[in-house]
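Student: Got model.csv for you, CSV, C-alpha atoms and all ligand atoms:
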```
chain,number,residue,atom,x,y,z
A,38,MET,CA,-10.5,0.3,1.9
A,39,ARG,CA,-9.4,-2.0,-0.9
A,40,LEU,CA,-9.6,0.9,-3.3
A,41,GLY,CA,-6.4,2.2,-1.9
A,42,TYR,CA,-4.7,-1.0,-2.8
A,43,GLY,CA,-5.7,-0.8,-6.4
A,44,SER,CA,-9.1,-2.5,-6.6
A,45,SER,CA,-11.9,-0.9,-8.6
A,46,VAL,CA,-15.3,-0.1,-7.0
A,47,HIS,CA,-16.8,-2.5,-9.5
A,48,ASN,CA,-14.7,-5.4,-8.3
A,49,VAL,CA,-15.2,-4.6,-4.6
A,50,VAL,CA,-19.0,-4.5,-5.0
A,51,ARG,CA,-19.0,-7.7,-7.1
A,52,GLU,CA,-16.8,-9.7,-4.7
A,53,GLN,CA,-18.7,-8.4,-1.7
A,54,GLY,CA,-21.8,-10.0,-3.2
A,55,TRP,CA,-20.2,-13.4,-3.1
A,56,GLU,CA,-20.2,-13.3,0.7
A,57,PRO,CA,-23.6,-12.1,1.9
A,58,GLU,CA,-23.1,-13.8,5.3
A,59,THR,CA,-20.2,-11.5,6.0
A,60,TYR,CA,-21.3,-8.3,4.3
A,61,GLY,CA,-25.1,-8.5,4.4
A,62,PRO,CA,-27.0,-7.2,1.4
A,63,GLY,CA,-24.1,-4.7,0.7
A,64,TRP,CA,-24.0,-2.5,-2.3
A,65,VAL,CA,-25.9,-3.8,-5.4
A,66,SER,CA,-24.7,-1.1,-7.8
A,67,SER,CA,-21.2,0.1,-8.3
A,68,LEU,CA,-22.5,3.4,-9.7
A,69,ALA,CA,-24.3,4.1,-6.4
A,70,ALA,CA,-21.2,3.2,-4.4
A,71,GLU,CA,-19.1,5.5,-6.6
A,72,ALA,CA,-21.6,8.3,-6.1
A,73,PHE,CA,-21.6,7.8,-2.3
A,74,LEU,CA,-17.7,7.8,-2.3
A,75,ASP,CA,-17.5,10.9,-4.4
A,76,ASP,CA,-19.7,12.7,-1.8
A,77,LEU,CA,-17.3,11.9,1.1
A,78,PRO,CA,-15.2,14.9,2.0
A,79,GLY,CA,-11.6,14.4,0.9
A,80,PHE,CA,-12.3,11.3,-1.2
A,81,LYS,CA,-11.5,12.9,-4.5
A,82,GLU,CA,-8.2,14.1,-3.1
A,83,THR,CA,-7.3,10.7,-1.8
A,84,GLN,CA,-8.0,9.3,-5.3
A,85,ARG,CA,-5.7,11.9,-6.9
A,86,PHE,CA,-3.1,11.0,-4.3
A,87,LEU,CA,-3.5,7.3,-5.2
A,88,ARG,CA,-3.1,8.1,-8.9
A,89,ALA,CA,0.0,10.2,-8.1
A,90,CYS,CA,1.6,7.3,-6.2
A,91,ARG,CA,0.6,4.8,-8.9
A,92,TRP,CA,2.5,7.0,-11.4
A,93,ILE,CA,5.5,7.0,-9.1
A,94,GLY,CA,5.4,3.2,-8.8
A,95,GLN,CA,4.9,2.8,-12.6
A,96,HIS,CA,7.9,5.0,-13.4
A,97,ALA,CA,10.3,3.6,-10.8
A,98,ASP,CA,13.5,2.0,-12.0
A,99,ARG,CA,12.6,-1.6,-13.0
A,100,TYR,CA,15.5,-3.1,-11.0
A,101,ALA,CA,16.0,-0.7,-8.1
A,102,GLY,CA,12.3,-0.1,-7.3
A,103,LEU,CA,11.6,3.0,-5.2
A,104,ALA,CA,14.4,4.3,-3.0
A,105,LEU,CA,13.2,6.0,0.1
A,106,VAL,CA,14.5,7.4,3.4
A,107,ASP,CA,12.8,6.4,6.6
A,108,PRO,CA,11.3,9.6,8.0
A,109,LEU,CA,12.0,8.5,11.6
A,110,ASP,CA,15.8,7.8,11.5
A,111,GLN,CA,16.8,8.7,7.9
A,112,THR,CA,17.7,5.1,7.1
A,113,PRO,CA,17.7,4.5,3.4
A,114,PHE,CA,15.5,1.6,2.2
A,115,ARG,CA,13.6,0.6,-0.9
A,116,TRP,CA,10.4,-1.0,-2.1
A,117,ASN,CA,11.3,-3.5,-4.8
A,118,PRO,CA,8.8,-6.4,-4.9
A,119,VAL,CA,10.6,-8.9,-7.1
A,120,GLN,CA,8.6,-10.3,-9.9
A,121,ARG,CA,8.4,-13.9,-9.1
A,122,ALA,CA,6.1,-16.9,-9.6
A,123,ASP,CA,5.7,-20.5,-8.4
A,124,VAL,CA,7.5,-23.2,-10.4
A,125,LEU,CA,6.7,-26.8,-9.6
A,126,LEU,CA,9.6,-29.1,-9.4
A,127,ARG,CA,8.9,-32.8,-9.4
A,128,LEU,CA,11.4,-34.9,-7.5
A,129,ASP,CA,10.7,-38.6,-7.3
A,130,HIS,CA,7.7,-38.7,-5.0
A,131,TRP,CA,7.9,-35.2,-3.9
A,132,ASP,CA,6.4,-32.1,-5.4
A,133,VAL,CA,8.4,-29.0,-4.5
A,134,THR,CA,7.3,-25.5,-5.4
A,135,LEU,CA,10.0,-23.0,-6.0
A,136,ILE,CA,9.3,-19.3,-6.0
A,137,LYS,CA,11.5,-18.0,-8.8
A,138,PRO,CA,12.2,-14.6,-10.4
A,139,GLY,CA,10.2,-14.5,-13.6
A,140,ARG,CA,6.7,-14.6,-14.9
A,141,TYR,CA,4.2,-16.7,-16.7
A,142,ALA,CA,2.8,-15.6,-20.0
A,143,GLY,CA,-0.6,-13.8,-19.7
A,144,GLY,CA,-2.7,-13.2,-22.7
A,145,ARG,CA,-6.2,-14.0,-23.9
A,146,CYS,CA,-7.9,-17.4,-23.9
A,147,PRO,CA,-7.0,-19.1,-27.2
A,148,LEU,CA,-10.5,-20.3,-27.6
A,149,CYS,CA,-12.9,-17.5,-26.7
A,150,ALA,CA,-10.4,-14.6,-26.5
A,151,SER,CA,-11.5,-13.7,-23.0
A,152,ASN,CA,-8.8,-11.7,-21.1
A,153,ARG,CA,-9.9,-13.2,-17.8
A,154,SER,CA,-8.2,-16.4,-16.6
A,155,ASP,CA,-6.8,-17.9,-13.5
A,156,ARG,CA,-3.4,-19.5,-13.3
A,157,ARG,CA,-2.4,-22.6,-11.3
A,158,GLY,CA,1.2,-23.7,-11.8
A,159,ASP,CA,1.8,-23.6,-15.6
A,160,ARG,CA,-1.9,-24.0,-16.5
A,161,ARG,CA,-4.3,-21.2,-17.2
A,162,ALA,CA,-8.1,-21.7,-16.9
A,163,CYS,CA,-10.5,-19.4,-18.8
A,164,ARG,CA,-12.9,-17.7,-16.4
A,165,ASN,CA,-15.7,-17.4,-19.1
A,166,ALA,CA,-18.3,-19.8,-17.6
A,167,GLU,CA,-19.3,-20.9,-21.1
A,168,CYS,CA,-15.7,-21.7,-22.1
A,169,ARG,CA,-13.6,-22.9,-19.2
A,170,HIS,CA,-10.8,-23.8,-21.6
A,171,THR,CA,-7.4,-24.6,-20.0
A,172,TRP,CA,-4.1,-24.3,-21.6
A,173,THR,CA,-0.3,-24.4,-20.7
A,174,VAL,CA,1.6,-21.2,-20.2
A,175,LYS,CA,5.3,-20.7,-20.4
A,176,PHE,CA,7.4,-19.5,-17.5
A,177,THR,CA,10.1,-16.9,-18.4
A,178,HIS,CA,13.0,-16.6,-16.0
A,179,ASN,CA,14.1,-13.1,-15.1
A,180,ASP,CA,17.9,-12.4,-14.8
A,181,ALA,CA,19.5,-10.2,-12.3
A,182,ASN,CA,21.4,-7.1,-13.4
A,183,VAL,CA,25.1,-6.4,-12.6
A,184,ALA,CA,24.1,-5.1,-9.1
A,185,GLY,CA,22.4,-8.5,-8.4
A,186,ASP,CA,18.9,-7.0,-8.5
A,187,TYR,CA,16.0,-8.8,-10.1
A,188,PRO,CA,13.3,-7.0,-12.0
A,189,THR,CA,10.5,-5.8,-9.8
A,190,ASP,CA,6.8,-6.5,-10.4
A,191,PRO,CA,5.4,-3.3,-12.0
A,192,VAL,CA,1.8,-4.0,-11.0
A,193,LYS,CA,2.7,-4.7,-7.4
A,194,LEU,CA,4.9,-1.7,-7.2
A,195,HIS,CA,2.4,0.7,-8.5
A,196,ASN,CA,-0.4,-0.7,-6.3
A,197,MET,CA,1.7,-0.7,-3.2
A,198,ALA,CA,3.2,2.8,-3.4
A,199,ALA,CA,0.2,4.7,-2.0
A,200,PRO,CA,-0.8,2.3,0.9
A,201,CYS,CA,2.9,1.9,1.8
A,202,VAL,CA,3.4,5.7,2.1
A,203,VAL,CA,0.3,5.7,4.4
A,204,HIS,CA,1.6,2.7,6.4
A,205,MET,CA,5.0,4.4,6.7
A,206,LEU,CA,3.4,7.5,8.2
A,207,ASP,CA,1.3,5.3,10.6
A,208,ALA,CA,4.5,3.5,11.7
A,209,LEU,CA,6.2,6.9,12.1
A,210,PHE,CA,3.5,8.1,14.4
A,211,ALA,CA,3.6,4.8,16.4
A,212,ALA,CA,7.4,5.1,16.8
A,213,HIS,CA,7.0,8.7,18.2
A,214,VAL,CA,4.4,7.5,20.6
A,215,ILE,CA,6.8,4.8,21.9
A,216,VAL,CA,9.6,7.4,22.3
A,217,GLU,CA,7.2,9.6,24.2
A,218,LEU,CA,6.0,6.7,26.4
A,219,ARG,CA,9.6,5.8,27.2
A,220,ARG,CA,10.3,9.4,28.2
A,221,ARG,CA,7.4,9.1,30.6
A,222,GLY,CA,8.9,6.0,32.3
A,223,VAL,CA,6.8,3.4,30.5
A,224,LYS,CA,9.2,0.5,29.8
A,225,ASN,CA,6.9,-2.3,28.7
A,226,ILE,CA,5.1,-1.4,25.5
A,227,VAL,CA,3.4,-3.5,22.8
A,228,SER,CA,2.8,-1.6,19.7
A,229,ILE,CA,0.7,-3.1,16.9
A,230,HIS,CA,-0.2,-0.7,14.0
A,231,ASP,CA,-2.2,2.0,15.7
A,232,CYS,CA,-2.6,0.3,19.1
A,233,TRP,CA,-0.4,0.5,22.1
A,234,TYR,CA,-0.6,-1.9,25.1
A,235,ILE,CA,0.9,-0.6,28.3
A,236,PRO,CA,0.7,-2.0,31.9
A,237,GLU,CA,-2.5,-1.0,33.6
A,238,THR,CA,-1.4,1.5,36.2
A,239,ALA,CA,-3.5,4.2,37.9
A,240,ASP,CA,-2.2,6.9,35.4
A,241,ALA,CA,-1.8,4.6,32.4
A,242,LEU,CA,-4.4,6.3,30.3
A,243,ALA,CA,-3.3,9.8,31.2
A,244,VAL,CA,0.3,8.9,30.3
A,245,LEU,CA,-0.8,7.4,27.0
A,246,GLN,CA,-2.8,10.4,26.1
A,247,GLU,CA,0.1,12.7,27.0
A,248,ALA,CA,2.4,10.6,24.8
A,249,LEU,CA,-0.1,10.7,21.9
A,250,LYS,CA,-0.4,14.5,22.2
A,251,ALA,CA,3.4,14.9,22.4
A,252,ALA,CA,4.0,12.7,19.4
A,253,GLY,CA,2.0,15.0,17.2
A,254,GLU,CA,4.7,17.6,16.8
A,255,PRO,CA,7.7,15.4,15.8
A,256,TRP,CA,5.4,13.4,13.5
A,257,LEU,CA,4.1,16.5,11.7
A,258,ARG,CA,7.6,17.9,11.4
A,259,ALA,CA,9.0,14.7,9.9
A,260,LEU,CA,6.5,14.9,7.0
A,261,GLU,CA,8.7,17.4,5.3
A,262,ASP,CA,11.0,14.7,4.0
A,263,VAL,CA,8.0,12.7,2.8
A,264,TYR,CA,6.6,15.7,0.8
A,265,LYS,CA,10.1,16.3,-0.7
A,266,LEU,CA,10.4,12.7,-1.7
A,267,LEU,CA,7.0,12.5,-3.4
A,268,LEU,CA,7.6,15.8,-5.2
A,269,HIS,CA,11.1,14.6,-6.3
A,270,TYR,CA,9.5,11.4,-7.8
A,271,LEU,CA,6.7,13.3,-9.4
A,272,LYS,CA,9.0,15.9,-11.0
A,273,PRO,CA,9.5,14.2,-14.3
A,274,SER,CA,5.7,14.4,-14.9
A,275,PRO,CA,4.3,17.5,-13.2
A,276,ASP,CA,0.7,16.5,-14.2
A,277,PRO,CA,-1.4,19.2,-12.7
A,278,GLU,CA,-3.8,16.6,-11.4
A,279,TRP,CA,-1.3,15.5,-8.7
A,280,TRP,CA,1.5,18.0,-8.9
A,281,ASP,CA,-0.8,20.8,-7.7
A,282,LEU,CA,-2.3,18.6,-5.0
A,283,LEU,CA,1.1,17.8,-3.6
A,284,VAL,CA,2.4,21.4,-3.9
A,285,ASP,CA,-0.7,22.7,-2.1
A,286,ALA,CA,-0.5,20.0,0.6
A,287,HIS,CA,3.2,20.9,1.2
A,288,ARG,CA,2.3,24.6,1.4
A,289,LEU,CA,-0.5,23.8,3.9
A,290,TRP,CA,2.0,21.7,5.9
A,291,GLU,CA,4.5,24.6,6.0
A,292,ASP,CA,1.8,27.0,7.2
A,293,ARG,CA,0.6,24.6,9.8
A,294,VAL,CA,4.2,24.0,11.2
A,295,LYS,CA,4.7,27.8,11.2
A,296,ARG,CA,1.6,28.3,13.3
A,297,GLN,CA,2.6,25.3,15.5
A,298,ARG,CA,-0.8,23.6,15.1
A,299,TRP,CA,0.3,20.1,16.1
A,300,PRO,CA,-2.2,17.3,15.4
A,301,VAL,CA,-3.7,15.7,18.5
A,302,PHE,CA,-4.8,12.1,18.0
A,303,SER,CA,-6.9,10.4,20.5
A,304,ALA,CA,-7.0,6.8,21.7
A,305,ALA,CA,-9.9,4.7,22.8
A,306,VAL,CA,-9.4,2.4,25.8
A,307,SER,CA,-10.1,-1.3,25.3
B,401,ZN,ZN,-12.2,-19.0,-23.0
```
Could you spell out this file's structure in structure tokens?
Ligand SMILES: [Zn+2]

Tutor:
Amino acid sequence: MRLGYGSSVHNVVREQGWEPETYGPGWVSSLAAEAFLDDLPGFKETQRFLRACRWIGQHADRYAGLALVDPLDQTPFRWNPVQRADVLLRLDHWDVTLIKPGRYAGGRCPLCASNRSDRRGDRRACRNAECRHTWTVKFTHNDANVAGDYPTDPVKLHNMAAPCVVHMLDALFAAHVIVELRRRGVKNIVSIHDCWYIPETADALAVLQEALKAAGEPWLRALEDVYKLLLHYLKPSPDPEWWDLLVDAHRLWEDRVKRQRWPVFSAAVS
């Protein structure tokens, strides 16, 4: 799961090993985990999609971020995680931490040259167990442009693009389920991610299943704008690795809509 958010298999396996009570023996080798994942149907495609979205995030306008259009109601919005960091302000007996636009210097440990360190305030600590050197790092303030926008965090933006597209599509589906429930007279609905709580009536489950089935068509149709947007953002670099993937996916989508093969999602009762 964390791979979609930018983690490497190696890091996930390593960090899982730190919590044996939660994860049990887990994976001991990242190579074995990679081989297992490569064998899963569709995994390679999701990795290509991930790399495509990373490219989009990396090449977004530094200040504007990624401009998108909500596929439900066509409201324009954008993803622009501002690059910011905590700056400690000492006021008499109070320590106040401000989150300010800007960044602390990174770089290697001045003693052992390791590129792995943790920052706390304006101090960095080397992660090399044999070194553990600490040093002070400078905070550089970022200024806003004429539009009043501050520079975005390029790492955050490139890691968030793929999962945010997927979350957006989940939210789109949830919204269509709510519309369909409302059409069927359900007025009290709690929607949390991909769960819907509705009052327990005799036909509640049947109504929910009908709504889920009916939401498939408007959801699938609304994907057109999402494909267009992704292709628009990928256009400056039509790398075959992801360009072909998206073009093929769009073609399959068109064919599916033409044949009216609406997806039917099911829900488990709990
Ligand atoms: Zn060091």

Student: Distance limit 10 Å, reference ligand ZN 401 (chain B), atoms considered: all atoms listed in the file. Which residues make the cut? Give them as a list in words.

Tutor: Arg145, Cys146, Pro147, Leu148, Cys149, Ala150, Ser151, Asn152, Arg153, Ser154, Ala162, Cys163, Arg164, Asn165, Ala166, Glu167, Cys168, Arg169, His170, Thr171 and Trp172 of chain A

Student: Go through region 117-230 of chain A residue by residue and, counting all atoms listed in the file, keep those with an atom at most 12 Å from region 76-92 of chain A; for each kept residue give the shortest atom pair and its distance in Å to one decimal, ordered by chain and increasing number, as a tab-separated table.

Tutor:
```
residue	atom	partner	partner_atom	distance
A:Pro191	CA	A:Arg91	CA	9.9
A:Val192	CA	A:Arg91	CA	9.1
A:Lys193	CA	A:Arg91	CA	9.8
A:Leu194	CA	A:Arg91	CA	8.0
A:His195	CA	A:Arg91	CA	4.5
A:Asn196	CA	A:Arg91	CA	6.2
A:Met197	CA	A:Arg91	CA	8.0
A:Ala198	CA	A:Cys90	CA	5.5
A:Ala199	CA	A:Cys90	CA	5.1
A:Pro200	CA	A:Leu87	CA	8.3
A:Cys201	CA	A:Cys90	CA	9.7
A:Val202	CA	A:Cys90	CA	8.6
A:Val203	CA	A:Leu87	CA	10.4
```

Student: Anything within 7 Å of (14.1, 4.6, -0.8): list those residues as a VMD selection string, counting all atoms listed in the file and sticking to the file's coordinates.

Tutor: chain A and resid 103 to 106 113 to 116

Student: What gap, in Å, lies between CA of Lys250 (chain A) and CA of Leu218 (chain A)?

Tutor: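 Computing the Euclidean distance for CA of Lys250 (chain A) and CA of Leu218 (chain A) yields 10.9 Å.
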
Student: I'd like the contact shell of Ala259 (chain A) - 10 Å cut-off, all atoms listed in the file, skipping same-chain residues fewer than 2 positions apart - returned as a list in words.

Tutor: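 Here the qualifying residues turn out to be Asp107, Pro108, Leu109, Asp110, Leu206, Leu209, Phe210, Glu254, Pro255, Trp256, Leu257, Glu261, Asp262, Val263 and Tyr264 of chain A.
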
Student: Take the residues from that selection and put them in a file with C-alpha atoms, as a tab-separated table (two decimals), keeping the file's coordinate frame.

Tutor:
```
chain	number	residue	atom	x	y	z
A	107	ASP	CA	12.80	6.40	6.60
A	108	PRO	CA	11.30	9.60	8.00
A	109	LEU	CA	12.00	8.50	11.60
A	110	ASP	CA	15.80	7.80	11.50
A	206	LEU	CA	3.40	7.50	8.20
A	209	LEU	CA	6.20	6.90	12.10
A	210	PHE	CA	3.50	8.10	14.40
A	254	GLU	CA	4.70	17.60	16.80
A	255	PRO	CA	7.70	15.40	15.80
A	256	TRP	CA	5.40	13.40	13.50
A	257	LEU	CA	4.10	16.50	11.70
A	261	GLU	CA	8.70	17.40	5.30
A	262	ASP	CA	11.00	14.70	4.00
A	263	VAL	CA	8.00	12.70	2.80
A	264	TYR	CA	6.60	15.70	0.80
```

Student: Hey, can you check how far CA of Trp280 (chain A) sits from CA of Val49 (chain A)?

Tutor: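 It comes out at 28.4 Å.
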
Student: CA of Ile136 (chain A) and CA of Val119 (chain A) are how many Å apart?

Tutor: 10.5 Å

Student: Could you name the residues that touch Glu217 (chain A) at 10 Å or less, counting all atoms listed in the file, but leaving out those on the same chain fewer than 3 positions away, as a PyMOL selection string?

Tutor: chain A and resi 211-214+220-223+244-245+247-252

Student: Output the selection as an mmCIF file, keeping the file's coordinate frame - C-alpha atoms for each residue.

Tutor:
```cif
data_model
loop_
_atom_site.group_PDB
_atom_site.id
_atom_site.type_symbol
_atom_site.label_atom_id
_atom_site.label_comp_id
_atom_site.auth_asym_id
_atom_site.auth_seq_id
_atom_site.Cartn_x
_atom_site.Cartn_y
_atom_site.Cartn_z
ATOM 1 C CA ALA A 211 3.600 4.800 16.400
ATOM 2 C CA ALA A 212 7.400 5.100 16.800
ATOM 3 C CA HIS A 213 7.000 8.700 18.200
ATOM 4 C CA VAL A 214 4.400 7.500 20.600
ATOM 5 C CA ARG A 220 10.300 9.400 28.200
ATOM 6 C CA ARG A 221 7.400 9.100 30.600
ATOM 7 C CA GLY A 222 8.900 6.000 32.300
ATOM 8 C CA VAL A 223 6.800 3.400 30.500
ATOM 9 C CA VAL A 244 0.300 8.900 30.300
ATOM 10 C CA LEU A 245 -0.800 7.400 27.000
ATOM 11 C CA GLU A 247 0.100 12.700 27.000
ATOM 12 C CA ALA A 248 2.400 10.600 24.800
ATOM 13 C CA LEU A 249 -0.100 10.700 21.900
ATOM 14 C CA LYS A 250 -0.400 14.500 22.200
ATOM 15 C CA ALA A 251 3.400 14.900 22.400
ATOM 16 C CA ALA A 252 4.000 12.700 19.400
#
```

Student: Find the residues around Leu135 (chain A) up to 10 Å (all atoms listed in the file counted), leave out those fewer than 3 positions away in its own chain, and share them as a VMD selection string.

Tutor: chain A and resid 121 to 126 132 138

Student: Can you work out which one of A:Arg99, A:Arg293, A:Lys265, A:His130 has the shortest atom-to-atom distance to Asn117 (chain A), counting only C-alpha atoms?

Tutor: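 That would be A:Arg99, the residue with the smallest distance to Asn117 (chain A).
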
Student: Restricting the calculation to only C-alpha atoms, which member of A:Ala97, A:Val216, A:Ala72, A:Leu128 is positioned closest to Leu271 (chain A)?

Tutor: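 Closest to Leu271 (chain A), using only C-alpha atoms: A:Ala97.
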
Student: Residues at most 10 Å from Leu68 (chain A), counting only C-alpha atoms, excluding those fewer than 5 positions away in the same chain, as a list of chain:residue names?

Tutor: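 Once the adjacent positions are removed, what remains is A:Val46, A:His47, A:Val50, A:Phe73, A:Leu74.
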
Student: Select, from A:Ile235, A:Asp98, A:Ala142, A:Gln120, the residue with the minimum atom-to-atom distance to Asn179 (chain A), counting all atoms listed in the file.

Tutor: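 Using all atoms listed in the file, the shortest distance to Asn179 (chain A) belongs to A:Gln120.
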
Student: Measuring atom to atom with only C-alpha atoms, identify which of A:Tyr234, A:Tyr100, A:Trp279, A:Trp64 is nearest to Tyr187 (chain A).

Tutor: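 Smallest separation from Tyr187 (chain A) among the options: A:Tyr100.
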
Student: Which residue, A:Asp159, A:Ala101, A:Gln297, A:Val306, has the smallest gap to Glu237 (chain A) when you use all atoms listed in the file?

Tutor: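 Nearest candidate to Glu237 (chain A) out of A:Asp159, A:Ala101, A:Gln297, A:Val306: A:Val306.
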
Student: Of the candidates A:Glu52, A:Asp285, A:Asp190, A:Asp75, which one gets nearest to Arg39 (chain A) if we count only C-alpha atoms?

Tutor: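 Nearest to Arg39 (chain A): A:Glu52.
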